[in-house]
$ cat run30.cif   # mmCIF, N, CA and C atoms
data_target
#
loop_
_atom_site.label_atom_id
_atom_site.label_comp_id
_atom_site.auth_asym_id
_atom_site.auth_seq_id
_atom_site.Cartn_x
_atom_site.Cartn_y
_atom_site.Cartn_z
N MET A 1 0.82 -1.20 0.00
CA MET A 1 0.00 0.00 0.00
C MET A 1 0.86 1.25 0.00
N ILE A 2 1.95 1.26 0.77
CA ILE A 2 2.78 2.44 0.90
C ILE A 2 3.59 2.64 -0.39
N GLU A 3 3.43 3.84 -0.98
CA GLU A 3 4.16 4.20 -2.20
C GLU A 3 5.28 5.16 -1.85
N GLU A 4 6.45 4.88 -2.35
CA GLU A 4 7.58 5.79 -2.14
C GLU A 4 7.32 7.10 -2.87
N GLY A 5 7.69 8.19 -2.25
CA GLY A 5 7.61 9.49 -2.91
C GLY A 5 6.27 10.19 -2.79
N LYS A 6 5.26 9.54 -2.27
CA LYS A 6 3.95 10.16 -2.09
C LYS A 6 3.69 10.27 -0.59
N PRO A 7 3.29 11.45 -0.11
CA PRO A 7 3.07 11.60 1.33
C PRO A 7 2.07 10.57 1.87
N LEU A 8 2.37 10.03 3.04
CA LEU A 8 1.54 9.00 3.63
C LEU A 8 0.11 9.47 3.88
N PHE A 9 -0.05 10.73 4.32
CA PHE A 9 -1.40 11.21 4.60
C PHE A 9 -2.25 11.24 3.33
N LEU A 10 -1.63 11.53 2.18
CA LEU A 10 -2.37 11.48 0.90
C LEU A 10 -2.75 10.06 0.55
N GLN A 11 -1.86 9.12 0.80
CA GLN A 11 -2.14 7.72 0.53
C GLN A 11 -3.30 7.21 1.40
N ILE A 12 -3.33 7.64 2.65
CA ILE A 12 -4.42 7.25 3.55
C ILE A 12 -5.73 7.82 3.02
N ALA A 13 -5.73 9.10 2.65
CA ALA A 13 -6.94 9.73 2.12
C ALA A 13 -7.40 9.03 0.85
N GLU A 14 -6.48 8.69 -0.04
CA GLU A 14 -6.85 8.00 -1.29
C GLU A 14 -7.41 6.61 -1.03
N GLN A 15 -6.87 5.92 -0.04
CA GLN A 15 -7.39 4.58 0.30
C GLN A 15 -8.83 4.68 0.80
N ILE A 16 -9.11 5.68 1.61
CA ILE A 16 -10.48 5.87 2.10
C ILE A 16 -11.39 6.25 0.93
N GLU A 17 -10.91 7.14 0.06
CA GLU A 17 -11.70 7.51 -1.12
C GLU A 17 -11.99 6.29 -1.98
N ASP A 18 -10.99 5.46 -2.21
CA ASP A 18 -11.17 4.24 -3.01
C ASP A 18 -12.23 3.34 -2.39
N SER A 19 -12.22 3.23 -1.06
CA SER A 19 -13.22 2.40 -0.38
C SER A 19 -14.62 2.96 -0.53
N ILE A 20 -14.73 4.28 -0.56
CA ILE A 20 -16.04 4.91 -0.79
C ILE A 20 -16.49 4.66 -2.22
N LEU A 21 -15.57 4.83 -3.17
CA LEU A 21 -15.92 4.66 -4.58
C LEU A 21 -16.27 3.22 -4.93
N ASP A 22 -15.60 2.24 -4.32
CA ASP A 22 -15.90 0.85 -4.65
C ASP A 22 -17.06 0.29 -3.82
N GLY A 23 -17.59 1.11 -2.92
CA GLY A 23 -18.77 0.71 -2.16
C GLY A 23 -18.47 -0.04 -0.88
N SER A 24 -17.21 -0.32 -0.58
CA SER A 24 -16.91 -1.04 0.65
C SER A 24 -17.06 -0.14 1.88
N LEU A 25 -17.12 1.17 1.68
CA LEU A 25 -17.39 2.14 2.74
C LEU A 25 -18.55 2.99 2.27
N ALA A 26 -19.75 2.65 2.72
CA ALA A 26 -20.98 3.29 2.24
C ALA A 26 -21.18 4.66 2.88
N GLU A 27 -21.95 5.49 2.19
CA GLU A 27 -22.30 6.79 2.74
C GLU A 27 -23.08 6.59 4.03
N GLU A 28 -22.81 7.44 4.99
CA GLU A 28 -23.39 7.42 6.34
C GLU A 28 -22.88 6.26 7.20
N SER A 29 -21.89 5.50 6.71
CA SER A 29 -21.29 4.46 7.53
C SER A 29 -20.07 5.04 8.25
N GLN A 30 -19.69 4.38 9.33
CA GLN A 30 -18.56 4.86 10.11
C GLN A 30 -17.24 4.55 9.40
N ALA A 31 -16.40 5.55 9.33
CA ALA A 31 -15.07 5.41 8.73
C ALA A 31 -14.10 4.91 9.80
N PRO A 32 -13.00 4.31 9.38
CA PRO A 32 -11.99 3.89 10.36
C PRO A 32 -11.46 5.09 11.14
N SER A 33 -11.16 4.87 12.41
CA SER A 33 -10.61 5.95 13.23
C SER A 33 -9.15 6.17 12.87
N THR A 34 -8.63 7.30 13.29
CA THR A 34 -7.21 7.58 13.02
C THR A 34 -6.33 6.56 13.72
N ASN A 35 -6.72 6.12 14.91
CA ASN A 35 -5.92 5.10 15.62
C ASN A 35 -5.97 3.77 14.89
N GLU A 36 -7.13 3.39 14.35
CA GLU A 36 -7.22 2.15 13.58
C GLU A 36 -6.36 2.23 12.33
N LEU A 37 -6.42 3.37 11.63
CA LEU A 37 -5.61 3.56 10.43
C LEU A 37 -4.12 3.51 10.77
N ALA A 38 -3.75 4.19 11.85
CA ALA A 38 -2.35 4.22 12.26
C ALA A 38 -1.84 2.82 12.59
N ALA A 39 -2.66 2.05 13.29
CA ALA A 39 -2.25 0.69 13.66
C ALA A 39 -2.17 -0.20 12.42
N PHE A 40 -3.16 -0.10 11.55
CA PHE A 40 -3.20 -0.96 10.37
C PHE A 40 -2.01 -0.69 9.44
N TYR A 41 -1.72 0.60 9.19
CA TYR A 41 -0.64 0.95 8.27
C TYR A 41 0.70 1.15 8.97
N ARG A 42 0.70 1.01 10.30
CA ARG A 42 1.91 1.16 11.10
C ARG A 42 2.57 2.52 10.87
N ILE A 43 1.74 3.55 11.06
CA ILE A 43 2.21 4.93 10.89
C ILE A 43 1.84 5.72 12.14
N ASN A 44 2.34 6.92 12.21
CA ASN A 44 2.03 7.82 13.31
C ASN A 44 0.55 8.24 13.23
N PRO A 45 -0.18 8.22 14.36
CA PRO A 45 -1.58 8.64 14.34
C PRO A 45 -1.78 10.07 13.80
N ALA A 46 -0.81 10.95 14.01
CA ALA A 46 -0.92 12.32 13.50
C ALA A 46 -0.94 12.33 11.97
N THR A 47 -0.21 11.41 11.36
CA THR A 47 -0.19 11.30 9.90
C THR A 47 -1.55 10.83 9.40
N ALA A 48 -2.11 9.82 10.05
CA ALA A 48 -3.44 9.33 9.69
C ALA A 48 -4.48 10.44 9.89
N ALA A 49 -4.34 11.17 10.98
CA ALA A 49 -5.29 12.26 11.27
C ALA A 49 -5.23 13.34 10.19
N LYS A 50 -4.06 13.58 9.64
CA LYS A 50 -3.93 14.59 8.58
C LYS A 50 -4.69 14.16 7.33
N GLY A 51 -4.63 12.86 6.98
CA GLY A 51 -5.39 12.35 5.84
C GLY A 51 -6.88 12.43 6.07
N VAL A 52 -7.32 12.08 7.27
CA VAL A 52 -8.74 12.16 7.62
C VAL A 52 -9.20 13.61 7.61
N ALA A 53 -8.38 14.52 8.14
CA ALA A 53 -8.73 15.94 8.16
C ALA A 53 -8.89 16.49 6.75
N MET A 54 -8.04 16.03 5.85
CA MET A 54 -8.14 16.46 4.46
C MET A 54 -9.51 16.09 3.88
N LEU A 55 -9.96 14.86 4.18
CA LEU A 55 -11.26 14.40 3.68
C LEU A 55 -12.41 15.13 4.37
N THR A 56 -12.21 15.49 5.62
CA THR A 56 -13.22 16.27 6.34
C THR A 56 -13.35 17.65 5.72
N ASP A 57 -12.21 18.26 5.42
CA ASP A 57 -12.21 19.59 4.80
C ASP A 57 -12.90 19.58 3.44
N LYS A 58 -12.80 18.47 2.71
CA LYS A 58 -13.43 18.34 1.39
C LYS A 58 -14.92 18.01 1.49
N GLY A 59 -15.38 17.66 2.68
CA GLY A 59 -16.78 17.30 2.85
C GLY A 59 -17.07 15.83 2.58
N VAL A 60 -16.04 15.01 2.54
CA VAL A 60 -16.20 13.57 2.29
C VAL A 60 -16.53 12.86 3.60
N LEU A 61 -15.91 13.29 4.69
CA LEU A 61 -16.16 12.73 6.01
C LEU A 61 -16.67 13.82 6.94
N TYR A 62 -17.40 13.41 7.96
CA TYR A 62 -17.81 14.35 9.00
C TYR A 62 -17.75 13.64 10.34
N LYS A 63 -17.65 14.45 11.40
CA LYS A 63 -17.50 13.89 12.75
C LYS A 63 -18.81 13.93 13.49
N ARG A 64 -19.12 12.81 14.14
CA ARG A 64 -20.23 12.75 15.09
C ARG A 64 -19.58 12.75 16.47
N ARG A 65 -19.83 13.81 17.18
CA ARG A 65 -19.19 14.00 18.48
C ARG A 65 -19.37 12.77 19.38
N GLY A 66 -18.24 12.28 19.86
CA GLY A 66 -18.24 11.15 20.78
C GLY A 66 -18.41 9.79 20.12
N ILE A 67 -18.63 9.75 18.80
CA ILE A 67 -18.86 8.48 18.11
C ILE A 67 -17.74 8.18 17.12
N GLY A 68 -17.38 9.18 16.31
CA GLY A 68 -16.31 8.98 15.33
C GLY A 68 -16.59 9.67 14.01
N MET A 69 -15.85 9.26 13.00
CA MET A 69 -15.96 9.85 11.67
C MET A 69 -16.89 9.00 10.81
N PHE A 70 -17.67 9.68 9.97
CA PHE A 70 -18.63 9.00 9.11
C PHE A 70 -18.51 9.55 7.69
N VAL A 71 -18.90 8.72 6.73
CA VAL A 71 -18.90 9.12 5.32
C VAL A 71 -20.11 10.01 5.09
N ALA A 72 -19.89 11.15 4.51
CA ALA A 72 -20.96 12.11 4.27
C ALA A 72 -21.88 11.65 3.14
N ALA A 73 -23.15 12.03 3.25
CA ALA A 73 -24.09 11.80 2.15
C ALA A 73 -23.58 12.58 0.95
N GLY A 74 -23.58 11.97 -0.21
CA GLY A 74 -23.11 12.62 -1.43
C GLY A 74 -21.61 12.52 -1.64
N ALA A 75 -20.90 11.85 -0.72
CA ALA A 75 -19.44 11.75 -0.82
C ALA A 75 -19.01 11.02 -2.09
N LYS A 76 -19.73 9.96 -2.45
CA LYS A 76 -19.35 9.19 -3.64
C LYS A 76 -19.47 10.05 -4.89
N ASP A 77 -20.56 10.78 -5.02
CA ASP A 77 -20.74 11.65 -6.19
C ASP A 77 -19.68 12.76 -6.22
N LEU A 78 -19.36 13.30 -5.06
CA LEU A 78 -18.33 14.33 -4.97
C LEU A 78 -16.99 13.78 -5.46
N LEU A 79 -16.64 12.58 -4.98
CA LEU A 79 -15.36 11.98 -5.38
C LEU A 79 -15.35 11.60 -6.85
N LEU A 80 -16.47 11.08 -7.36
CA LEU A 80 -16.53 10.75 -8.79
C LEU A 80 -16.32 11.99 -9.65
N GLY A 81 -16.96 13.08 -9.27
CA GLY A 81 -16.79 14.33 -10.02
C GLY A 81 -15.36 14.82 -9.98
N GLU A 82 -14.76 14.73 -8.81
CA GLU A 82 -13.37 15.16 -8.65
C GLU A 82 -12.43 14.30 -9.49
N ARG A 83 -12.64 12.99 -9.45
CA ARG A 83 -11.77 12.08 -10.20
C ARG A 83 -11.98 12.20 -11.71
N ARG A 84 -13.22 12.42 -12.13
CA ARG A 84 -13.48 12.61 -13.56
C ARG A 84 -12.77 13.86 -14.06
N SER A 85 -12.82 14.91 -13.27
CA SER A 85 -12.14 16.15 -13.65
C SER A 85 -10.63 15.93 -13.73
N ALA A 86 -10.06 15.23 -12.76
CA ALA A 86 -8.63 14.94 -12.78
C ALA A 86 -8.27 14.06 -13.96
N PHE A 87 -9.14 13.09 -14.27
CA PHE A 87 -8.91 12.21 -15.43
C PHE A 87 -8.88 13.03 -16.72
N ALA A 88 -9.82 13.94 -16.86
CA ALA A 88 -9.87 14.78 -18.06
C ALA A 88 -8.61 15.63 -18.19
N GLU A 89 -8.17 16.22 -17.08
CA GLU A 89 -6.97 17.05 -17.12
C GLU A 89 -5.72 16.23 -17.44
N ARG A 90 -5.66 15.04 -16.87
CA ARG A 90 -4.45 14.22 -17.03
C ARG A 90 -4.38 13.50 -18.36
N TYR A 91 -5.53 13.05 -18.87
CA TYR A 91 -5.53 12.21 -20.08
C TYR A 91 -6.24 12.83 -21.28
N ILE A 92 -7.41 13.39 -21.07
CA ILE A 92 -8.21 13.88 -22.19
C ILE A 92 -7.61 15.15 -22.80
N ASP A 93 -7.23 16.10 -21.95
CA ASP A 93 -6.67 17.35 -22.49
C ASP A 93 -5.42 17.10 -23.34
N PRO A 94 -4.45 16.30 -22.86
CA PRO A 94 -3.29 16.01 -23.73
C PRO A 94 -3.68 15.23 -24.99
N LEU A 95 -4.66 14.34 -24.87
CA LEU A 95 -5.14 13.59 -26.03
C LEU A 95 -5.70 14.54 -27.09
N LEU A 96 -6.50 15.48 -26.64
CA LEU A 96 -7.08 16.45 -27.58
C LEU A 96 -6.01 17.32 -28.23
N THR A 97 -5.01 17.69 -27.47
CA THR A 97 -3.92 18.49 -28.02
C THR A 97 -3.19 17.71 -29.11
N GLU A 98 -2.87 16.45 -28.84
CA GLU A 98 -2.18 15.63 -29.83
C GLU A 98 -3.08 15.36 -31.03
N ALA A 99 -4.36 15.14 -30.79
CA ALA A 99 -5.30 14.89 -31.89
C ALA A 99 -5.34 16.09 -32.84
N ARG A 100 -5.38 17.30 -32.27
CA ARG A 100 -5.37 18.50 -33.12
C ARG A 100 -4.11 18.55 -33.97
N THR A 101 -2.98 18.19 -33.37
CA THR A 101 -1.71 18.17 -34.09
C THR A 101 -1.77 17.21 -35.27
N LEU A 102 -2.47 16.08 -35.08
CA LEU A 102 -2.58 15.06 -36.12
C LEU A 102 -3.76 15.29 -37.08
N GLY A 103 -4.51 16.35 -36.84
CA GLY A 103 -5.65 16.65 -37.70
C GLY A 103 -6.86 15.77 -37.45
N LEU A 104 -6.96 15.22 -36.26
CA LEU A 104 -8.11 14.37 -35.90
C LEU A 104 -9.19 15.20 -35.22
N ASP A 105 -10.44 14.92 -35.55
CA ASP A 105 -11.55 15.59 -34.88
C ASP A 105 -12.21 14.64 -33.89
N ALA A 106 -13.28 15.09 -33.25
CA ALA A 106 -13.96 14.28 -32.23
C ALA A 106 -14.50 12.97 -32.80
N THR A 107 -14.97 13.01 -34.03
CA THR A 107 -15.49 11.79 -34.67
C THR A 107 -14.37 10.78 -34.88
N ASP A 108 -13.22 11.27 -35.34
CA ASP A 108 -12.06 10.39 -35.52
C ASP A 108 -11.62 9.77 -34.19
N LEU A 109 -11.59 10.59 -33.16
CA LEU A 109 -11.19 10.10 -31.84
C LEU A 109 -12.18 9.06 -31.31
N ALA A 110 -13.46 9.31 -31.50
CA ALA A 110 -14.48 8.35 -31.05
C ALA A 110 -14.31 7.02 -31.78
N ALA A 111 -14.02 7.08 -33.08
CA ALA A 111 -13.83 5.85 -33.85
C ALA A 111 -12.59 5.09 -33.37
N LEU A 112 -11.49 5.82 -33.11
CA LEU A 112 -10.28 5.19 -32.59
C LEU A 112 -10.51 4.56 -31.22
N LEU A 113 -11.23 5.26 -30.38
CA LEU A 113 -11.52 4.75 -29.05
C LEU A 113 -12.38 3.49 -29.13
N ALA A 114 -13.40 3.51 -29.97
CA ALA A 114 -14.27 2.34 -30.14
C ALA A 114 -13.48 1.16 -30.68
N GLU A 115 -12.59 1.42 -31.64
CA GLU A 115 -11.76 0.36 -32.22
C GLU A 115 -10.86 -0.27 -31.16
N ARG A 116 -10.20 0.57 -30.36
CA ARG A 116 -9.30 0.07 -29.31
C ARG A 116 -10.07 -0.67 -28.23
N ALA A 117 -11.23 -0.16 -27.89
CA ALA A 117 -12.05 -0.82 -26.87
C ALA A 117 -12.49 -2.19 -27.33
N ALA A 118 -12.87 -2.31 -28.61
CA ALA A 118 -13.30 -3.59 -29.16
C ALA A 118 -12.15 -4.59 -29.15
N ARG A 119 -10.94 -4.10 -29.42
CA ARG A 119 -9.76 -4.95 -29.44
C ARG A 119 -9.41 -5.50 -28.06
N THR A 120 -9.59 -4.66 -27.06
CA THR A 120 -9.17 -5.05 -25.72
C THR A 120 -10.29 -5.66 -24.87
N GLU A 121 -11.52 -5.65 -25.38
CA GLU A 121 -12.62 -6.22 -24.61
C GLU A 121 -12.33 -7.67 -24.29
N GLY A 122 -12.50 -7.99 -23.02
CA GLY A 122 -12.23 -9.36 -22.60
C GLY A 122 -10.76 -9.64 -22.37
N ASN A 123 -9.89 -8.68 -22.71
CA ASN A 123 -8.45 -8.83 -22.51
C ASN A 123 -7.93 -7.64 -21.72
N PRO A 124 -8.24 -7.58 -20.42
CA PRO A 124 -7.79 -6.42 -19.64
C PRO A 124 -6.27 -6.31 -19.63
N ALA A 125 -5.81 -5.10 -19.70
CA ALA A 125 -4.36 -4.84 -19.73
C ALA A 125 -3.71 -5.10 -18.40
#

$ encode --input "run30.cif" --output "C-alpha cells"
Amino acid sequence: MIEEGKPLFLQIAEQIEDSILDGSLAEESQAPSTNELAAFYRINPATAAKGVAMLTDKGVLYKRRGIGMFVAAGAKDLLLGERRSAFAERYIDPLLTEARTLGLDATDLAALLAERAARTEGNPA
C-alpha cells in the first residue's frame, strides 16, 4: 500500500476515497478511526489524522461528536466528479492536443476509441 515518494497522509486519504468509490465504505457508515488507520498501516496517528482531516475539509467525512468519523451523504458523487475532472486534465486534455496536431476531430477520436475498446474487450491490460 505504501508508495515511495507520495506523502503518507495522501495515501491514507486516497485509500479511504477508493473504499467509498468501490462501495466497501458506504455513505453514512462509520469510517476507520485515526488510531485504527495508524495501527493498520503502522504509521504515526498524526499522519493518519492529517489524511482524515483532508477528507473532512473536502466534505467527504464528517465527525459525530463522541462516536467517530462518518462518510458524508453525497461523498461518492463528490469523489466521482473530482476524479473525472482529474482524469480529463491528465488524459483527455493532452489527447485532444495531440489529436489537433494530427488533424483528428472528435469523430475520428471516437472511432479510434471504439476500435481500441473492441480490441481489448475481454483482454484487460

$ atom_distance --input "run30.cif" --atom1 "atom C of Ala75 (chain A)" --atom2 "CA of Ser33 (chain A)"
18.2 Å

$ closest_residue --input "run30.cif" --among "A:Glu115, A:Asp18, A:Glu36, A:Glu28" --to "Met69 (chain A)" --atoms "only N, CA and C atoms"
A:Glu28

$ atom_distance --input "run30.cif" --atom1 "CA of Ala13 (chain A)" --atom2 "CA of Ile92 (chain A)"
24.7 Å

$ atom_distance --input "run30.cif" --atom1 "CA of Ile12 (chain A)" --atom2 "CA of Ala31 (chain A)"
12.0 Å

$ residues_around --input "run30.cif" --residues "Ala38 (chain A)" --least-positions-apart "6" --cutoff "8 Å" --atoms "only C-alpha atoms" --output "list of chain:residue names"
A:Asn44, A:Pro45, A:Thr47, A:Ala48

$ residues_around --input "run30.cif" --residues "region 21-26 of chain A" --least-positions-apart "6" --cutoff "8 Å" --atoms "only N, CA and C atoms" --output "short mmCIF file (atom, residue, chain, number, x, y, z; two decimals) with N, CA and C atoms, keeping the file's coordinate frame"
data_model
loop_
_atom_site.label_atom_id
_atom_site.label_comp_id
_atom_site.auth_asym_id
_atom_site.auth_seq_id
_atom_site.Cartn_x
_atom_site.Cartn_y
_atom_site.Cartn_z
N GLN A 15 -6.87 5.92 -0.04
CA GLN A 15 -7.39 4.58 0.30
C GLN A 15 -8.83 4.68 0.80
N PHE A 70 -17.67 9.68 9.97
CA PHE A 70 -18.63 9.00 9.11
C PHE A 70 -18.51 9.55 7.69
N VAL A 71 -18.90 8.72 6.73
CA VAL A 71 -18.90 9.12 5.32
C VAL A 71 -20.11 10.01 5.09
N ALA A 72 -19.89 11.15 4.51
CA ALA A 72 -20.96 12.11 4.27
C ALA A 72 -21.88 11.65 3.14
N ALA A 73 -23.15 12.03 3.25
CA ALA A 73 -24.09 11.80 2.15
C ALA A 73 -23.58 12.58 0.95
N ALA A 75 -20.90 11.85 -0.72
CA ALA A 75 -19.44 11.75 -0.82
C ALA A 75 -19.01 11.02 -2.09
N LYS A 76 -19.73 9.96 -2.45
CA LYS A 76 -19.35 9.19 -3.64
C LYS A 76 -19.47 10.05 -4.89
N ASP A 77 -20.56 10.78 -5.02
CA ASP A 77 -20.74 11.65 -6.19
C ASP A 77 -19.68 12.76 -6.22
N LEU A 79 -16.64 12.58 -4.98
CA LEU A 79 -15.36 11.98 -5.38
C LEU A 79 -15.35 11.60 -6.85
N LEU A 80 -16.47 11.08 -7.36
CA LEU A 80 -16.53 10.75 -8.79
C LEU A 80 -16.32 11.99 -9.65
#

$ select_by_dssp --input "run30.cif" --residues "chain A" --states "strand (DSSP E)" --output "PyMOL selection string"
chain A and resi 61-64+68-71

$ resolve_selection --input "run30.cif" --expression "the PyMOL selection byres (((chain A and resi 63 and name CA) around 12) and name CA)" --output "number ranges by chain"
A: 28-33, 52-53, 55-57, 59-62, 64-72

$ closest_residue --input "run30.cif" --among "A:Leu10, A:Phe87, A:Asn35, A:Ser19" --to "Gly51 (chain A)" --atoms "only N, CA and C atoms"
A:Leu10

$ select_by_dssp --input "run30.cif" --residues "region 19-61 of chain A" --states "helix (DSSP H, G or I)" --output "list in words"
Ser19, Ile20, Leu21, Thr34, Asn35, Glu36, Leu37, Ala38, Ala39, Phe40, Tyr41, Pro45, Ala46, Thr47, Ala48, Ala49, Lys50, Gly51, Val52, Ala53, Met54, Leu55, Thr56, Asp57 and Lys58 of chain A

$ build_atoms --input "run30.cif" --residues "region 94-103 of chain A" --atoms "all heavy atoms" --output "tab-separated table (two decimals), in the frame of the given file"
chain	number	residue	atom	x	y	z
A	94	PRO	N	-4.45	16.30	-22.86
A	94	PRO	CA	-3.29	16.01	-23.73
A	94	PRO	C	-3.68	15.23	-24.99
A	94	PRO	O	-3.10	15.44	-26.06
A	94	PRO	CB	-2.36	15.18	-22.85
A	94	PRO	CG	-2.78	15.46	-21.45
A	94	PRO	CD	-4.24	15.77	-21.51
A	95	LEU	N	-4.66	14.34	-24.87
A	95	LEU	CA	-5.14	13.59	-26.03
A	95	LEU	C	-5.70	14.54	-27.09
A	95	LEU	O	-5.39	14.41	-28.28
A	95	LEU	CB	-6.22	12.58	-25.60
A	95	LEU	CG	-6.92	11.83	-26.72
A	95	LEU	CD1	-6.02	10.75	-27.29
A	95	LEU	CD2	-8.22	11.24	-26.21
A	96	LEU	N	-6.50	15.48	-26.64
A	96	LEU	CA	-7.08	16.45	-27.58
A	96	LEU	C	-6.01	17.32	-28.23
A	96	LEU	O	-6.09	17.61	-29.44
A	96	LEU	CB	-8.12	17.32	-26.87
A	96	LEU	CG	-9.40	16.60	-26.45
A	96	LEU	CD1	-10.24	17.49	-25.55
A	96	LEU	CD2	-10.18	16.12	-27.65
A	97	THR	N	-5.01	17.69	-27.47
A	97	THR	CA	-3.92	18.49	-28.02
A	97	THR	C	-3.19	17.71	-29.11
A	97	THR	O	-2.94	18.24	-30.20
A	97	THR	CB	-2.94	18.90	-26.90
A	97	THR	OG1	-3.65	19.68	-25.94
A	97	THR	CG2	-1.77	19.70	-27.45
A	98	GLU	N	-2.87	16.45	-28.84
A	98	GLU	CA	-2.18	15.63	-29.83
A	98	GLU	C	-3.08	15.36	-31.03
A	98	GLU	O	-2.61	15.35	-32.18
A	98	GLU	CB	-1.72	14.31	-29.19
A	98	GLU	CG	-0.95	13.41	-30.13
A	98	GLU	CD	0.39	13.97	-30.60
A	98	GLU	OE1	0.89	14.97	-30.03
A	98	GLU	OE2	0.96	13.39	-31.55
A	99	ALA	N	-4.36	15.14	-30.79
A	99	ALA	CA	-5.30	14.89	-31.89
A	99	ALA	C	-5.34	16.09	-32.84
A	99	ALA	O	-5.35	15.91	-34.06
A	99	ALA	CB	-6.70	14.60	-31.34
A	100	ARG	N	-5.38	17.30	-32.27
A	100	ARG	CA	-5.37	18.50	-33.12
A	100	ARG	C	-4.11	18.55	-33.97
A	100	ARG	O	-4.15	18.90	-35.15
A	100	ARG	CB	-5.48	19.76	-32.26
A	100	ARG	CG	-6.90	20.13	-31.93
A	100	ARG	CD	-6.99	21.50	-31.23
A	100	ARG	NE	-7.85	21.35	-30.07
A	100	ARG	CZ	-7.44	21.23	-28.81
A	100	ARG	NH1	-6.18	21.31	-28.50
A	100	ARG	NH2	-8.30	21.07	-27.84
A	101	THR	N	-2.98	18.19	-33.37
A	101	THR	CA	-1.71	18.17	-34.09
A	101	THR	C	-1.77	17.21	-35.27
A	101	THR	O	-1.22	17.48	-36.34
A	101	THR	CB	-0.56	17.78	-33.15
A	101	THR	OG1	-0.51	18.72	-32.07
A	101	THR	CG2	0.77	17.76	-33.86
A	102	LEU	N	-2.47	16.08	-35.08
A	102	LEU	CA	-2.58	15.06	-36.12
A	102	LEU	C	-3.76	15.29	-37.08
A	102	LEU	O	-3.96	14.51	-38.00
A	102	LEU	CB	-2.74	13.67	-35.47
A	102	LEU	CG	-1.58	13.22	-34.59
A	102	LEU	CD1	-1.93	11.93	-33.88
A	102	LEU	CD2	-0.31	13.07	-35.42
A	103	GLY	N	-4.51	16.35	-36.84
A	103	GLY	CA	-5.65	16.65	-37.70
A	103	GLY	C	-6.86	15.77	-37.45
A	103	GLY	O	-7.70	15.61	-38.34
